[in-house]
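**Q** Pasting a structure here, questions to come.
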Amino acid sequence: MPDPRFYSAAGPFTLNELADISGAEITGGAGDGRVFTDVAPLETAGADTVSFLDNRKYAGAFSESLAGACFVHSEMAGRAPEGMALLISDEPYHAYARAAAAFYPPDMQTPGWESATGIDPSAKIGVGSDIAASAIVGPGAEIGDGVRIGGCSVIGPGVVVGAGSSIGASVTLSHCIIGERAIVHSGVRVGQDGFGFALGADGHLKVPQLGRVMIGDDVEIGANTTIDRGAAPDTVIGDGCKIDNLVQIGHNVRIGRNCIVVSQVGISGSTTIGDFVMLGGQAGIAGHVTIGDGARIAAKAGVIGDIEPGLTVGGIPARPQKEWLRSVAVVNRLMKQKG
Amino acid sequence: MPDPRFYSAAGPFTLNELADISGAEITGGAGDGRVFTDVAPLETAGADTVSFLDNRKYAGAFSESLAGACFVHSEMAGRAPEGMALLISDEPYHAYARAAAAFYPPDMQTPGWESATGIDPSAKIGVGSDIAASAIVGPGAEIGDGVRIGGCSVIGPGVVVGAGSSIGASVTLSHCIIGERAIVHSGVRVGQDGFGFALGADGHLKVPQLGRVMIGDDVEIGANTTIDRGAAPDTVIGDGCKIDNLVQIGHNVRIGRNCIVVSQVGISGSTTIGDFVMLGGQAGIAGHVTIGDGARIAAKAGVIGDIEPGLTVGGIPARPQKEWLRSVAVVNRLMKQKG
Amino acid sequence: MPDPRFYSAAGPFTLNELADISGAEITGGAGDGRVFTDVAPLETAGADTVSFLDNRKYAGAFSESLAGACFVHSEMAGRAPEGMALLISDEPYHAYARAAAAFYPPDMQTPGWESATGIDPSAKIGVGSDIAASAIVGPGAEIGDGVRIGGCSVIGPGVVVGAGSSIGASVTLSHCIIGERAIVHSGVRVGQDGFGFALGADGHLKVPQLGRVMIGDDVEIGANTTIDRGAAPDTVIGDGCKIDNLVQIGHNVRIGRNCIVVSQVGISGSTTIGDFVMLGGQAGIAGHVTIGDGARIAAKAGVIGDIEPGLTVGGIPARPQKEWLRSVAVVNRLMKQKG
């Protein structure tokens with residue numbers, strides 16, 4: 001269930017209502033009176049939540065899911081577990097996106113609380129904290145002891161900032177929990193909704209992003225870096241990570257402890273990175289890959305598959321650094337022979 | 001003519017005055033009393049505007065131009081249409097830049113209106129809009145119904161934001177017209193003047209940027225992305241485009257409808273992109289190229305020439321994706337043989 | 001000595017105190033009553049300052065240093081000049097980082113002065129300047145004549161902005177001296193502390209960054225660009241440089257006059273760039289390299305070594321542009337033969 005500090009669900013909706021909202025068809029033609037209170041991934045959904053199967057790779061999770069209802073393509077309907085209500089659609093991800101948007105109407109980025117200035121009376125502010133007069137702290141936010149917040153920063157509703165952290169000027173924090181002794185430089189954006197769309201020939205449908213950003217202790221985040229919140233799971237940055245300026249971290253990314261992420265790196269959605277990984281400047285990591293503990297990614301490398309622990313890789317596409325350097329040398333030799 | 005909501009021209013200037021300002025010489029030695037009220041590109045200039053020819057590629061447009069006067073190199077003077085006054089210079093672009101700066105003195109980025117706070121009395125604010133108390137809305141701006149604007153955002157004079165749009169915190173909008181239902185994430189910069197200089201051995205001369213940014217309906221723009229305004233034509237983002245975080249879009253770029261632009265992409269000035277184009281993360285597109293409808297640019301690709309509609313390209317320089325992957329494989333094979 | 005406008009040292013500390021703070025051991029076992037008032041690099045340290053030797057490359061500077069004391073590995077102790085007190089450590093850079101942090105406790109990014117709003121009474125504001133009501137100008141800042149500062153910008157204590165400069169909205173300036181007629185676009189971050197850590201298996205130790213950013217006259221800095229301040233020397237941008245949007249410039253970088261730096265370029269720490277150098281979009285420059293006057297770096301190039309004056313380079317790793325283009329052609333030919 002999305003964190004109630006950041007999200008509150010509309011609904012509940014009956015199966016018939018969900019069919020109307022999403023354009024899907026109920027197997028058997030009509031609902032049976034059951035109501036649904038939320039959306040959830042296949043793995044965590046329960047009897048009163050609705051899920052979706054879009055990628056056949058997850059057919060196993062579908063067959064074992066406890067979801068009360070599921071958006072699914074007719075071809076996969078036969079794999080459904082007993083008792084699951086099916087909402088059949090040629091585009092199950094689109095249908096899910098519409099249903100999710102009904103549960104969670106667009107999370108406007110500038111909710112009414114910003115019409116106020118300064119610190120909302122319902123926010124908790126720790127002892128010895130130093131919050132700029134021009135900063136805005138939203139309702140229900142929890143700011144720890146000794147926290148400093150710079151000028152013109154906007155801390156959204158429910159955000160938690162741990163003790164001893166320092167937040168620069170012009171920072172925007174939303175939908176996030178930040179640990180202790182963090183240093184967040186000026187212009188950082190944490191927690192905006194990720195780049196999630198159901199693509200289509202008539203235009204692209206926004207998919208509600210219902211997760212958070214969880215940032216550990218002793219993390220440093222460089223100026224103008226952007227970290228999107230998770231789609232349903234969270235985006236996670238482990239303890240002790242040091243992230244440089246102008247880095248992009250996509251939704252659902254999980255980074256372990258004590259990683260070094262140099263300037264202008266981009267990490268695509270749903271990628272998992274181990275502990276003590278080093279990412280060189282301007283490196284790019286594709287989505288849905290896993291990088292093992294202690295791996296080192298050279299500057300400007302383009303990682304498109306999993307990387308084993310401890311391996312050093314370079315080049316586009318990234319391969320073991322020695323192979324990459326040898327391949328450059330081979331081409332140079334050839335060029336000089338033929339040139 | 002530059003949009004009067006954003007620009008008002010000084011002048012008019014006589015030919016003699018323009019010669020003095022620019023350092024150019026009038027053919028025949030002196031002006032004939034004609035006055036000029038504006039600068040304009042060759043194609044759209046009229047009898048009372050002054051234009052320039054810098055790149056010989058545009059000699060045809062020069063010969064057909066209706067411009068009353070034109071900055072031009074002596075070698076090209078013979079190609080001028082009858083009746084056009086010529087301002088001869090060894091560096092016509094520099095001469096033009098000086099004249100344009102006389103018509104449009106440096107558009108300071110923090111005009112006096114910002115000395116005020118909140119919403120300027122001359123701005124029009126739609127019904128049901130929610131504008132943060134710490135936001136600034138300049139004179140003549142038009143904010144549609146149901147628009148939300150986040151904390152510490154600065155909306156410049158004359159800017160238009162369509163109904164139902166959501167503008168995040170710490171956003172800066174100037175010299176732009178934004179459509180309906182746009183989502184502009186925190187830290188976005190739209191409409192600053194583009195990177196336009198007349199280069200020279202004594203230093204580089206700033207060329208006034210007199211266009212706008214025109215953004216369609218249903219566009220999403222990611223956190224800390226930057227979109228420069230046009231130099232004379234506009235920078236244009238079509239309906240339904242989804243642009244990720246930390247993207248750079250240069251002056252005069254034209255993007256069609258429903259494109260997907262992933263994080264950290266850079267699009268150089270005056271490039272044209274069709275509809276439903278997909279640009280992968282960290283891809284870079286050179287200036288003045290054309291990318292056809294439905295083309296797909298792989299992550300980290302470097303596009304240096306036109307791309308046909310529907311083509312998928314990768315690599316630096318970008319070529320058809322299959323060729324690029326084969327060339328990587330060929331080098332790998334060679335490296336393993338020789339290594 | 002760090003600029004007193006931006007830094008004030010705690011201390012002084014005795015040798016025994018420095019040993020306690022840093023975990024290093026004093027040669028001979030105990031201090032001799034000398035006290036130390038500051039940290040400094042080997043080259044500029046004097047009798048009352050403490051320095052460090054971490055990289056054997058600098059053993060010569062160590063042998064000639066006038067530093068009163070130095071953190072050093074036991075293996076290098078024999079190279080010390082006479083009279084220098086030695087603080088022996090297996091990790092001299094870590095030991096130095098701890099000592100430097102004692103002299104300069106973490107420079108919080110949002111010091112108490114921000115609790116005020118507007119212009120601090122101790123700031124000097126020039127004639128004819130136009131400072132947005134929502135901007136913040138810290139104590140001791142000096143703003144020249146005719147300077148404009150946009151909405152929600154935060155100008156830190158002691159910052160100097162030269163006459164005729166224009167600072168956009170949502171800009172953050174700290175620890176910097178900016179020349180005349182500069183144009184700093186919205187969202188720029190200048191002077192935050194650089195990405196300096198003593199890496200370790202137990203986590204990474206922050207190294208105090210005690211330099212400044214020095215920006216010349218007639219410099220333009222694009223939207224959302226980030227420029228870190230120096231570690232001990234300064235980060236320097238020469239007169240007439242034009243820097244585009246979303247560029248990253250690391251600590252201690254020195255850029256000469258009239259360089260053109262296109263969007264999304266990244267320049268790593270301690271790199272030196274000559275005059276009239278052109279850096280194409282998304283190029284990346286490694287740390288500690290030197291690029292000669294008039295060199296041209298192609299878009300997306302990855303520079304990993306020194307570049308001679310006047311040379312044009314491209315590719316990753318960067319080599320002379322003609323060689324790079326030939327190597328692409330050779331691979332293409334090979335691919336077509338074998339494909």
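In the structure tokens, each chain is lettered A, B, ... as it comes, each chain's residues begin at 1, and ligands are numbered from 1 in order of appearance.
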Please superimpose chain B on chain C using every C-alpha atom, paired by order, in a least-squares fit, and write the moved chain as a short mmCIF file (atom, residue, chain, number, x, y, z; two decimals) with C-alpha atoms, in the first residue's frame.
**A**
```
data_model
loop_
_atom_site.label_atom_id
_atom_site.label_comp_id
_atom_site.auth_asym_id
_atom_site.auth_seq_id
_atom_site.Cartn_x
_atom_site.Cartn_y
_atom_site.Cartn_z
CA MET B 1 45.37 30.70 3.53
CA PRO B 2 41.70 30.30 2.67
CA ASP B 3 39.99 33.58 1.80
CA PRO B 4 38.77 35.08 5.11
CA ARG B 5 35.68 36.38 3.36
CA PHE B 6 34.53 32.77 3.12
CA TYR B 7 36.42 30.81 5.75
CA SER B 8 37.56 31.35 9.30
CA ALA B 9 39.81 28.79 10.89
CA ALA B 10 39.21 27.26 14.29
CA GLY B 11 42.31 26.34 16.25
CA PRO B 12 45.16 26.83 16.68
CA PHE B 13 46.03 23.23 17.49
CA THR B 14 49.16 21.74 18.98
CA LEU B 15 50.87 18.80 17.35
CA ASN B 16 49.48 16.55 20.07
CA GLU B 17 45.97 17.79 19.38
CA LEU B 18 46.41 17.21 15.64
CA ALA B 19 47.60 13.66 16.34
CA ASP B 20 44.53 13.02 18.49
CA ILE B 21 42.15 14.48 15.92
CA SER B 22 43.65 12.68 12.95
CA GLY B 23 44.73 9.38 14.43
CA ALA B 24 48.27 9.93 13.15
CA GLU B 25 51.39 9.35 15.25
CA ILE B 26 53.99 11.99 15.90
CA THR B 27 57.53 10.97 15.03
CA GLY B 28 59.33 10.82 18.32
CA GLY B 29 56.08 10.29 20.14
CA ALA B 30 55.05 13.77 21.24
CA GLY B 31 54.76 17.36 20.13
CA ASP B 32 57.21 20.04 21.13
CA GLY B 33 54.82 22.82 21.98
CA ARG B 34 54.56 24.25 18.49
CA VAL B 35 51.04 25.29 17.48
CA PHE B 36 49.48 25.28 14.04
CA THR B 37 46.97 27.79 12.74
CA ASP B 38 45.95 26.36 9.39
CA VAL B 39 46.25 23.67 6.73
CA ALA B 40 47.88 24.33 3.35
CA PRO B 41 49.26 22.52 0.27
CA LEU B 42 52.94 21.59 0.37
CA GLU B 43 53.92 24.43 -1.95
CA THR B 44 52.37 27.24 0.06
CA ALA B 45 52.53 25.92 3.62
CA GLY B 46 54.67 27.75 6.19
CA ALA B 47 56.06 27.10 9.66
CA ASP B 48 52.70 27.38 11.41
CA THR B 49 50.67 25.32 8.94
CA VAL B 50 50.22 21.59 8.46
CA SER B 51 50.25 19.89 5.08
CA PHE B 52 50.08 16.33 3.67
CA LEU B 53 51.82 14.03 1.22
CA ASP B 54 49.51 11.39 -0.22
CA ASN B 55 50.69 10.88 -3.82
CA ARG B 56 54.36 9.90 -4.19
CA LYS B 57 54.42 12.00 -7.35
CA TYR B 58 54.73 15.01 -5.07
CA ALA B 59 57.69 13.70 -3.04
CA GLY B 60 59.87 16.48 -4.47
CA ALA B 61 57.51 19.18 -3.26
CA PHE B 62 57.47 17.43 0.11
CA SER B 63 61.24 17.54 0.40
CA GLU B 64 61.25 21.26 -0.35
CA SER B 65 58.18 22.24 1.63
CA LEU B 66 58.35 24.86 4.38
CA ALA B 67 55.39 23.30 6.17
CA GLY B 68 55.87 23.13 9.93
CA ALA B 69 54.21 19.71 10.01
CA CYS B 70 53.04 17.17 7.52
CA PHE B 71 50.85 14.04 7.38
CA VAL B 72 52.87 11.38 5.61
CA HIS B 73 53.24 7.61 5.24
CA SER B 74 56.14 6.11 7.22
CA GLU B 75 57.77 4.96 3.98
CA MET B 76 58.20 8.54 2.86
CA ALA B 77 59.37 9.95 6.18
CA GLY B 78 63.00 9.77 5.13
CA ARG B 79 62.38 12.34 2.40
CA ALA B 80 61.25 15.02 4.86
CA PRO B 81 63.16 18.29 5.09
CA GLU B 82 64.93 19.03 8.33
CA GLY B 83 62.84 20.51 11.09
CA MET B 84 59.47 19.39 9.72
CA ALA B 85 57.31 17.66 12.31
CA LEU B 86 55.91 14.43 10.90
CA LEU B 87 52.46 12.99 11.56
CA ILE B 88 52.74 9.40 10.43
CA SER B 89 49.68 7.62 9.06
CA ASP B 90 48.93 4.68 6.79
CA GLU B 91 46.32 6.90 5.21
CA PRO B 92 47.78 10.42 5.22
CA TYR B 93 44.91 11.87 3.13
CA HIS B 94 42.33 10.61 5.62
CA ALA B 95 44.39 11.99 8.49
CA TYR B 96 44.65 15.35 6.72
CA ALA B 97 40.89 15.37 6.06
CA ARG B 98 40.19 14.94 9.76
CA ALA B 99 42.60 17.72 10.71
CA ALA B 100 41.23 20.05 8.03
CA ALA B 101 37.71 19.40 9.31
CA ALA B 102 38.88 20.46 12.77
CA PHE B 103 40.24 23.74 11.42
CA TYR B 104 37.17 24.22 9.23
CA PRO B 105 34.13 22.55 10.74
CA PRO B 106 31.62 21.52 8.07
CA ASP B 107 30.64 24.61 6.16
CA MET B 108 26.95 24.17 6.52
CA GLN B 109 25.18 25.16 3.38
CA THR B 110 22.45 27.13 5.06
CA PRO B 111 24.09 29.22 7.72
CA GLY B 112 21.98 31.22 10.11
CA TRP B 113 22.16 34.35 7.99
CA GLU B 114 19.57 32.83 5.75
CA SER B 115 17.09 32.95 8.55
CA ALA B 116 16.86 36.56 7.60
CA THR B 117 15.28 37.61 4.32
CA GLY B 118 16.36 40.11 1.73
CA ILE B 119 19.65 41.96 1.84
CA ASP B 120 21.88 41.70 4.89
CA PRO B 121 22.69 45.14 6.32
CA SER B 122 26.42 44.46 5.99
CA ALA B 123 26.24 43.74 2.24
CA LYS B 124 27.39 46.51 -0.11
CA ILE B 125 24.99 47.17 -2.97
CA GLY B 126 26.08 49.23 -6.00
CA VAL B 127 24.29 52.15 -7.59
CA GLY B 128 21.48 51.28 -9.96
CA SER B 129 21.30 47.66 -9.01
CA ASP B 130 17.99 45.81 -9.19
CA ILE B 131 17.65 43.01 -6.68
CA ALA B 132 14.46 40.97 -6.56
CA ALA B 133 12.56 41.24 -3.30
CA SER B 134 12.65 37.48 -2.94
CA ALA B 135 16.43 37.24 -3.41
CA ILE B 136 18.69 36.82 -0.41
CA VAL B 137 22.05 38.58 -0.16
CA GLY B 138 24.31 37.47 2.68
CA PRO B 139 26.54 39.40 5.05
CA GLY B 140 29.61 41.01 3.56
CA ALA B 141 28.55 40.37 -0.04
CA GLU B 142 29.55 43.07 -2.53
CA ILE B 143 27.18 43.70 -5.42
CA GLY B 144 28.51 46.11 -8.07
CA ASP B 145 26.78 48.96 -9.86
CA GLY B 146 23.97 48.08 -12.19
CA VAL B 147 23.77 44.46 -11.14
CA ARG B 148 20.46 42.65 -11.47
CA ILE B 149 19.58 39.64 -9.32
CA GLY B 150 16.49 37.55 -10.09
CA GLY B 151 13.77 36.12 -7.91
CA CYS B 152 14.58 33.50 -5.26
CA SER B 153 18.33 33.68 -5.88
CA VAL B 154 20.59 33.19 -2.88
CA ILE B 155 23.90 35.09 -2.78
CA GLY B 156 26.12 33.78 0.00
CA PRO B 157 28.22 35.68 2.53
CA GLY B 158 31.23 37.47 1.08
CA VAL B 159 30.33 36.80 -2.56
CA VAL B 160 31.40 39.53 -5.00
CA VAL B 161 29.44 40.27 -8.20
CA GLY B 162 31.03 42.79 -10.57
CA ALA B 163 29.35 45.81 -12.12
CA GLY B 164 26.84 45.27 -14.89
CA SER B 165 26.35 41.58 -14.23
CA SER B 166 22.98 39.92 -14.53
CA ILE B 167 22.10 37.03 -12.24
CA GLY B 168 18.96 35.05 -13.15
CA ALA B 169 16.28 33.56 -10.94
CA SER B 170 16.81 30.63 -8.54
CA VAL B 171 20.59 31.01 -8.76
CA THR B 172 22.84 30.00 -5.85
CA LEU B 173 26.22 31.72 -5.51
CA SER B 174 28.67 30.98 -2.70
CA HIS B 175 32.41 31.21 -2.14
CA CYS B 176 32.91 33.06 -5.43
CA ILE B 177 34.12 36.27 -7.00
CA ILE B 178 32.35 37.12 -10.26
CA GLY B 179 33.64 39.72 -12.71
CA GLU B 180 31.90 42.48 -14.60
CA ARG B 181 29.16 42.08 -17.20
CA ALA B 182 28.66 38.41 -16.39
CA ILE B 183 25.40 36.74 -17.37
CA VAL B 184 24.45 33.94 -15.01
CA HIS B 185 21.31 32.16 -16.14
CA SER B 186 18.60 30.75 -13.93
CA GLY B 187 19.29 27.71 -11.80
CA VAL B 188 23.08 28.02 -11.92
CA ARG B 189 24.97 26.73 -8.85
CA VAL B 190 28.37 28.26 -8.22
CA GLY B 191 30.66 27.56 -5.29
CA GLN B 192 29.19 24.50 -3.58
CA ASP B 193 31.92 22.27 -2.24
CA GLY B 194 33.49 19.91 -4.71
CA PHE B 195 33.35 16.16 -4.84
CA GLY B 196 36.35 15.46 -2.60
CA PHE B 197 36.50 12.30 -0.50
CA ALA B 198 39.17 10.15 1.05
CA LEU B 199 37.85 6.75 0.00
CA GLY B 200 37.85 3.89 2.43
CA ALA B 201 36.49 0.42 3.05
CA ASP B 202 34.54 1.72 6.04
CA GLY B 203 33.01 4.58 4.07
CA HIS B 204 34.24 7.73 2.45
CA LEU B 205 35.56 10.71 4.39
CA LYS B 206 34.65 14.19 3.26
CA VAL B 207 37.67 16.43 2.63
CA PRO B 208 37.04 20.10 3.43
CA GLN B 209 37.02 22.23 0.29
CA LEU B 210 38.67 25.54 1.13
CA GLY B 211 39.00 27.34 -2.21
CA ARG B 212 36.82 29.66 -4.22
CA VAL B 213 35.39 30.07 -7.72
CA MET B 214 36.94 33.01 -9.57
CA ILE B 215 34.97 34.07 -12.65
CA GLY B 216 36.33 36.70 -15.05
CA ASP B 217 34.65 39.52 -16.95
CA ASP B 218 32.14 39.00 -19.77
CA VAL B 219 31.48 35.39 -18.86
CA GLU B 220 28.12 33.77 -19.62
CA ILE B 221 26.95 30.70 -17.67
CA GLY B 222 23.98 28.69 -18.94
CA ALA B 223 20.91 27.53 -17.06
CA ASN B 224 21.31 24.82 -14.38
CA THR B 225 25.08 24.64 -14.87
CA THR B 226 27.14 23.70 -11.79
CA ILE B 227 30.62 24.97 -10.90
CA ASP B 228 32.24 23.59 -7.74
CA ARG B 229 34.66 25.62 -5.69
CA GLY B 230 38.30 24.65 -5.36
CA ALA B 231 39.68 22.25 -2.77
CA ALA B 232 42.59 24.50 -1.80
CA PRO B 233 43.49 26.30 -5.02
CA ASP B 234 40.57 28.04 -6.75
CA THR B 235 38.34 26.98 -9.61
CA VAL B 236 38.94 29.64 -12.29
CA ILE B 237 36.90 30.66 -15.37
CA GLY B 238 38.70 33.18 -17.59
CA ASP B 239 37.40 36.37 -19.17
CA GLY B 240 35.00 36.01 -22.05
CA CYS B 241 34.16 32.33 -21.59
CA LYS B 242 30.72 31.28 -22.79
CA ILE B 243 29.34 28.26 -20.98
CA ASP B 244 26.09 26.61 -22.05
CA ASN B 245 23.34 24.89 -20.03
CA LEU B 246 23.77 21.86 -17.74
CA VAL B 247 27.57 21.91 -17.80
CA GLN B 248 29.54 20.48 -14.87
CA ILE B 249 32.86 22.03 -13.85
CA GLY B 250 34.71 20.26 -11.06
CA HIS B 251 36.90 21.62 -8.30
CA ASN B 252 40.26 23.23 -9.14
CA VAL B 253 39.49 23.36 -12.86
CA ARG B 254 41.19 26.29 -14.58
CA ILE B 255 39.71 27.54 -17.85
CA GLY B 256 41.47 30.27 -19.85
CA ARG B 257 39.96 33.15 -21.78
CA ASN B 258 37.20 33.08 -24.41
CA CYS B 259 36.49 29.36 -24.32
CA ILE B 260 33.22 27.96 -25.67
CA VAL B 261 31.74 25.16 -23.56
CA VAL B 262 28.66 23.61 -25.12
CA SER B 263 25.78 22.06 -23.21
CA GLN B 264 26.19 19.02 -20.94
CA VAL B 265 30.00 19.04 -21.06
CA GLY B 266 31.65 17.66 -17.93
CA ILE B 267 35.11 18.81 -16.84
CA SER B 268 36.65 16.76 -14.03
CA GLY B 269 38.63 18.16 -11.16
CA SER B 270 42.06 19.83 -11.47
CA THR B 271 42.03 19.95 -15.26
CA THR B 272 43.58 22.99 -17.00
CA ILE B 273 42.17 24.38 -20.22
CA GLY B 274 43.85 27.09 -22.32
CA ASP B 275 42.42 30.09 -24.16
CA PHE B 276 39.94 29.92 -27.04
CA VAL B 277 39.32 26.20 -26.52
CA MET B 278 36.03 24.82 -27.87
CA LEU B 279 34.33 21.93 -26.11
CA GLY B 280 31.47 20.27 -28.04
CA GLY B 281 28.23 19.13 -26.44
CA GLN B 282 28.38 16.21 -23.98
CA ALA B 283 32.16 16.00 -24.19
CA GLY B 284 33.81 14.72 -21.02
CA ILE B 285 37.27 15.67 -19.81
CA ALA B 286 39.12 13.53 -17.27
CA GLY B 287 40.72 15.05 -14.20
CA HIS B 288 44.27 16.42 -14.02
CA VAL B 289 44.74 16.82 -17.80
CA THR B 290 45.88 19.88 -19.75
CA ILE B 291 44.19 21.09 -22.93
CA GLY B 292 46.22 23.58 -24.97
CA ASP B 293 45.15 26.94 -26.39
CA GLY B 294 42.84 26.76 -29.35
CA ALA B 295 42.19 23.04 -29.10
CA ARG B 296 38.81 21.79 -30.25
CA ILE B 297 37.09 18.86 -28.58
CA ALA B 298 34.34 17.24 -30.65
CA ALA B 299 30.89 16.65 -29.23
CA LYS B 300 30.69 13.48 -27.09
CA ALA B 301 34.48 13.05 -27.09
CA GLY B 302 36.09 11.54 -23.99
CA VAL B 303 39.42 13.21 -23.27
CA ILE B 304 41.68 11.12 -21.03
CA GLY B 305 45.07 12.75 -21.59
CA ASP B 306 46.68 16.05 -22.46
CA ILE B 307 45.70 17.69 -25.75
CA GLU B 308 48.17 19.84 -27.69
CA PRO B 309 47.34 23.42 -28.56
CA GLY B 310 45.33 23.80 -31.74
CA LEU B 311 44.53 20.11 -32.07
CA THR B 312 41.02 18.91 -32.92
CA VAL B 313 40.11 15.62 -31.25
CA GLY B 314 37.10 13.29 -31.21
CA GLY B 315 36.03 9.84 -30.08
CA ILE B 316 36.28 7.89 -26.84
CA PRO B 317 39.07 7.90 -25.91
CA ALA B 318 39.71 11.13 -27.78
CA ARG B 319 42.38 11.13 -30.53
CA PRO B 320 43.01 13.48 -33.46
CA GLN B 321 39.67 13.93 -35.20
CA LYS B 322 40.92 12.65 -38.56
CA GLU B 323 42.22 9.45 -36.97
CA TRP B 324 38.97 8.95 -35.17
CA LEU B 325 36.92 9.38 -38.34
CA ARG B 326 39.27 7.05 -40.25
CA SER B 327 38.95 4.41 -37.55
CA VAL B 328 35.16 4.60 -37.83
CA ALA B 329 35.47 4.20 -41.61
CA VAL B 330 37.84 1.25 -41.29
CA VAL B 331 35.47 -0.58 -38.98
CA ASN B 332 32.53 0.15 -41.28
CA ARG B 333 34.39 -1.28 -44.28
CA LEU B 334 35.34 -4.36 -42.31
CA MET B 335 31.79 -4.81 -41.06
CA LYS B 336 30.41 -4.63 -44.60
CA GLN B 337 33.00 -7.14 -45.89
CA LYS B 338 32.30 -9.62 -43.12
CA GLY B 339 28.62 -8.87 -42.62
#
```
**Q** Taking the chain letters and numbering used in this document, name the residues of range 27-272 of chain C that DSSP puts in helix (DSSP H, G or I), as number ranges by chain.
**A** C: 56-64, 74-79, 92-103, 112-115
**Q** Can you list, as a PyMOL selection string, every residue of range 165-284 of chain C that DSSP puts in strand (DSSP E)?
**A** chain C and resi 166-167+172-173+176-178+183-184+189-190+197-198+205-206+213-215+220-221+226-227+235-237+242-243+248-249+254-255+260-261+266-267+272-273+278-279+284
